[in-house]
Amino acid sequence: MLLTKRFAAGAFAGLLCASILAAPAAAQTTATASINAKASVSGIAALTAAGVNDLDFGVVTAGTPKTPAGPSNDGRFNISGQPSTPVTITFTLPTVLTGPAAATIPITFSSTDGLVWHPYPTTSSTFSPSSPFASSLDATGNLVIGISGTVSPPAMTVSGLYTGTITLTVSY
């Protein structure tokens, strides 16, 4: 009987080992992988604007209105972007220039003080800088915009340098 129990235990152990060795391995149930998403965009060129010349009235006599002497004294902005593309130009214009001890003098802009040069400085056309202006960049993606104006220092204005800021905004 002892031999039968040993044989039965050995047979059971052998069957157990055989079943463990014969059992299939556990299958992997998930996997991951990655790819990149990419696009080669053929869009429009970035739009840039640069102030290249201050609006310069030169020496102004108190009590006498004055405009700039010519194209070299007009304010000027160079714009570049997508060739032959329409743009809108707007200005933020000062109403006074501020000088010594916070003294001010009036500055005004007429309906013909906005300038578009074709090309600078030979030929220009005018527009009102007080309203949005529609134009287009040329075939090389450039546009030159200028601005003039009038200062009218009252009699007895304090001598000194008077300044203000003119801001151009351009958008597609």
# chains A, B, ... in the order shown; residues from 1 in each chain; ligands from 1
>>> residues_around(residues="range 75-91 of chain A", least_positions_apart="2", cutoff="9 Å", atoms="only C-alpha atoms", output="mmCIF file with C-alpha atoms, in the first residue's frame")
data_model
loop_
_atom_site.group_PDB
_atom_site.id
_atom_site.type_symbol
_atom_site.label_atom_id
_atom_site.label_comp_id
_atom_site.auth_asym_id
_atom_site.auth_seq_id
_atom_site.Cartn_x
_atom_site.Cartn_y
_atom_site.Cartn_z
ATOM 1 C CA ILE A 44 1.000 83.580 -46.632
ATOM 2 C CA ALA A 45 4.153 85.435 -45.668
ATOM 3 C CA ALA A 46 4.339 87.089 -42.266
ATOM 4 C CA LEU A 47 3.262 90.729 -42.303
ATOM 5 C CA THR A 48 5.767 93.251 -40.914
ATOM 6 C CA ALA A 49 5.837 97.025 -40.528
ATOM 7 C CA ALA A 50 8.766 99.241 -39.617
ATOM 8 C CA GLY A 51 8.862 102.951 -38.880
ATOM 9 C CA VAL A 52 11.800 104.268 -40.931
ATOM 10 C CA ASN A 53 11.438 108.074 -40.776
ATOM 11 C CA ASP A 54 9.942 110.355 -38.129
ATOM 12 C CA LEU A 55 7.447 113.053 -39.108
ATOM 13 C CA ASP A 56 9.724 116.104 -38.823
ATOM 14 C CA PRO A 71 9.094 113.592 -48.645
ATOM 15 C CA SER A 72 12.311 113.417 -46.643
ATOM 16 C CA ASN A 73 10.517 115.079 -43.689
ATOM 17 C CA LEU A 93 -2.874 109.759 -34.324
ATOM 18 C CA LEU A 115 0.650 108.960 -48.436
ATOM 19 C CA PRO A 129 -5.032 108.856 -42.201
ATOM 20 C CA SER A 130 -8.070 109.321 -39.951
ATOM 21 C CA SER A 131 -9.901 106.395 -41.601
ATOM 22 C CA PRO A 132 -8.893 102.803 -42.408
ATOM 23 C CA PHE A 133 -7.223 102.668 -45.831
ATOM 24 C CA ALA A 134 -7.235 99.672 -48.181
ATOM 25 C CA SER A 135 -4.208 99.061 -50.393
ATOM 26 C CA SER A 136 -2.156 96.111 -51.673
ATOM 27 C CA LEU A 137 1.411 94.993 -51.330
ATOM 28 C CA ASP A 138 3.312 95.170 -54.622
ATOM 29 C CA ALA A 139 4.530 92.185 -56.660
ATOM 30 C CA THR A 140 7.576 91.872 -54.371
ATOM 31 C CA GLY A 141 5.485 92.080 -51.170
ATOM 32 C CA ASN A 142 6.359 95.679 -50.241
ATOM 33 C CA LEU A 143 4.442 98.889 -49.578
ATOM 34 C CA VAL A 144 5.696 102.320 -48.456
ATOM 35 C CA ILE A 145 3.215 104.393 -46.437
ATOM 36 C CA GLY A 146 3.828 107.956 -45.330
ATOM 37 C CA ILE A 147 2.138 110.565 -43.217
ATOM 38 C CA SER A 148 2.224 114.331 -43.132
ATOM 39 C CA ILE A 166 2.005 108.053 -34.471
ATOM 40 C CA THR A 167 1.191 104.343 -34.644
ATOM 41 C CA LEU A 168 0.504 102.479 -37.891
ATOM 42 C CA THR A 169 -1.337 99.157 -37.829
ATOM 43 C CA VAL A 170 -1.489 96.980 -40.931
ATOM 44 C CA SER A 171 -3.430 93.760 -41.370
ATOM 45 C CA TYR A 172 -4.305 91.269 -44.115
#
>>> select_by_dssp(residues="chain A", states="strand (DSSP E)", output="tab-separated table (two decimals) with C-alpha atoms, in the first residue's frame")
chain	number	residue	atom	x	y	z
A	48	THR	CA	5.77	93.25	-40.91
A	49	ALA	CA	5.84	97.03	-40.53
A	50	ALA	CA	8.77	99.24	-39.62
A	51	GLY	CA	8.86	102.95	-38.88
A	52	VAL	CA	11.80	104.27	-40.93
A	53	ASN	CA	11.44	108.07	-40.78
A	75	GLY	CA	6.81	110.17	-41.60
A	76	ARG	CA	7.45	106.87	-43.37
A	77	PHE	CA	6.70	103.20	-42.74
A	78	ASN	CA	7.93	100.20	-44.75
A	79	ILE	CA	5.52	97.26	-44.89
A	80	SER	CA	6.33	93.78	-46.21
A	86	PRO	CA	-4.61	93.37	-50.05
A	87	VAL	CA	-3.95	95.05	-46.68
A	88	THR	CA	-5.75	97.53	-44.44
A	89	ILE	CA	-3.82	100.39	-42.86
A	90	THR	CA	-5.01	102.30	-39.81
A	91	PHE	CA	-3.31	105.01	-37.79
A	92	THR	CA	-3.54	106.03	-34.16
A	96	VAL	CA	-1.12	117.31	-29.47
A	97	LEU	CA	2.66	117.17	-29.24
A	98	THR	CA	4.07	117.49	-25.73
A	104	THR	CA	1.46	121.08	-25.71
A	105	ILE	CA	0.89	122.23	-29.28
A	106	PRO	CA	-1.90	120.99	-31.56
A	107	ILE	CA	-1.20	118.64	-34.45
A	108	THR	CA	-3.81	117.96	-37.13
A	114	GLY	CA	-1.81	109.84	-45.67
A	115	LEU	CA	0.65	108.96	-48.44
A	116	VAL	CA	1.25	105.85	-50.56
A	117	TRP	CA	4.49	105.98	-52.56
A	124	SER	CA	2.66	109.30	-54.25
A	125	SER	CA	-1.09	109.27	-53.88
A	126	THR	CA	-2.97	110.50	-50.82
A	127	PHE	CA	-5.58	109.16	-48.41
A	133	PHE	CA	-7.22	102.67	-45.83
A	134	ALA	CA	-7.23	99.67	-48.18
A	135	SER	CA	-4.21	99.06	-50.39
A	136	SER	CA	-2.16	96.11	-51.67
A	142	ASN	CA	6.36	95.68	-50.24
A	143	LEU	CA	4.44	98.89	-49.58
A	144	VAL	CA	5.70	102.32	-48.46
A	145	ILE	CA	3.21	104.39	-46.44
A	146	GLY	CA	3.83	107.96	-45.33
A	147	ILE	CA	2.14	110.56	-43.22
A	150	THR	CA	0.27	120.31	-39.58
A	151	VAL	CA	1.42	121.71	-36.25
A	167	THR	CA	1.19	104.34	-34.64
A	168	LEU	CA	0.50	102.48	-37.89
A	169	THR	CA	-1.34	99.16	-37.83
A	170	VAL	CA	-1.49	96.98	-40.93
A	171	SER	CA	-3.43	93.76	-41.37
>>> residues_around(residues="Thr61 in chain A", least_positions_apart="4", cutoff="10 Å", atoms="only C-alpha atoms", output="MDAnalysis selection string")
chainID A and resid 65:66 152:157 159
>>> write_last_selection(atoms="C-alpha atoms", output="compact mmCIF listing (two decimals), in the first residue's frame")
# COMPACT_ATOMS: atom_id res chain seq x y z
CA PRO A 65 1.22 126.68 -38.66
CA LYS A 66 3.72 124.44 -40.44
CA SER A 152 -0.02 125.00 -35.05
CA PRO A 153 1.89 126.30 -32.03
CA PRO A 154 0.04 129.25 -30.51
CA ALA A 155 1.80 132.58 -30.05
CA MET A 156 3.83 132.61 -26.85
CA THR A 157 4.47 128.84 -26.99
CA SER A 159 10.55 127.01 -26.90
>>> residues_around(residues="Pro100 in chain A", least_positions_apart="2", cutoff="7 Å", atoms="only C-alpha atoms", output="ChimeraX atom specification")
/A:102-103,160
>>> atom_distance(atom1="CA of Thr163 in chain A", atom2="CA of Val59 in chain A")
12.9 Å
>>> atom_distance(atom1="CA of Gly149 in chain A", atom2="CA of Pro68 in chain A")
7.3 Å
>>> atom_distance(atom1="CA of Val60 in chain A", atom2="CA of Ser111 in chain A")
22.3 Å
>>> select_by_dssp(residues="range 18-170 of chain A", states="helix (DSSP H, G or I)", output="count of residues only")
8
>>> decode(residues="range 65-87 of chain A", atoms="C-alpha atoms", output="PDB file, in the first residue's frame")
ATOM      1  CA  PRO A  65       1.224 126.679 -38.662  1.00  0.00           C
ATOM      2  CA  LYS A  66       3.720 124.444 -40.444  1.00  0.00           C
ATOM      3  CA  THR A  67       3.743 121.245 -42.533  1.00  0.00           C
ATOM      4  CA  PRO A  68       6.834 119.148 -43.338  1.00  0.00           C
ATOM      5  CA  ALA A  69       9.102 120.457 -46.099  1.00  0.00           C
ATOM      6  CA  GLY A  70       8.797 117.375 -48.344  1.00  0.00           C
ATOM      7  CA  PRO A  71       9.094 113.592 -48.645  1.00  0.00           C
ATOM      8  CA  SER A  72      12.311 113.417 -46.643  1.00  0.00           C
ATOM      9  CA  ASN A  73      10.517 115.079 -43.689  1.00  0.00           C
ATOM     10  CA  ASP A  74       7.253 113.110 -43.931  1.00  0.00           C
ATOM     11  CA  GLY A  75       6.808 110.169 -41.602  1.00  0.00           C
ATOM     12  CA  ARG A  76       7.447 106.866 -43.367  1.00  0.00           C
ATOM     13  CA  PHE A  77       6.703 103.197 -42.745  1.00  0.00           C
ATOM     14  CA  ASN A  78       7.926 100.195 -44.753  1.00  0.00           C
ATOM     15  CA  ILE A  79       5.520  97.257 -44.892  1.00  0.00           C
ATOM     16  CA  SER A  80       6.328  93.785 -46.213  1.00  0.00           C
ATOM     17  CA  GLY A  81       4.425  90.537 -46.545  1.00  0.00           C
ATOM     18  CA  GLN A  82       2.730  88.320 -49.118  1.00  0.00           C
ATOM     19  CA  PRO A  83       3.214  89.723 -52.656  1.00  0.00           C
ATOM     20  CA  SER A  84       0.159  91.255 -54.361  1.00  0.00           C
ATOM     21  CA  THR A  85      -2.025  90.823 -51.281  1.00  0.00           C
ATOM     22  CA  PRO A  86      -4.612  93.366 -50.047  1.00  0.00           C
ATOM     23  CA  VAL A  87      -3.951  95.050 -46.677  1.00  0.00           C
TER      24      VAL A  87
END
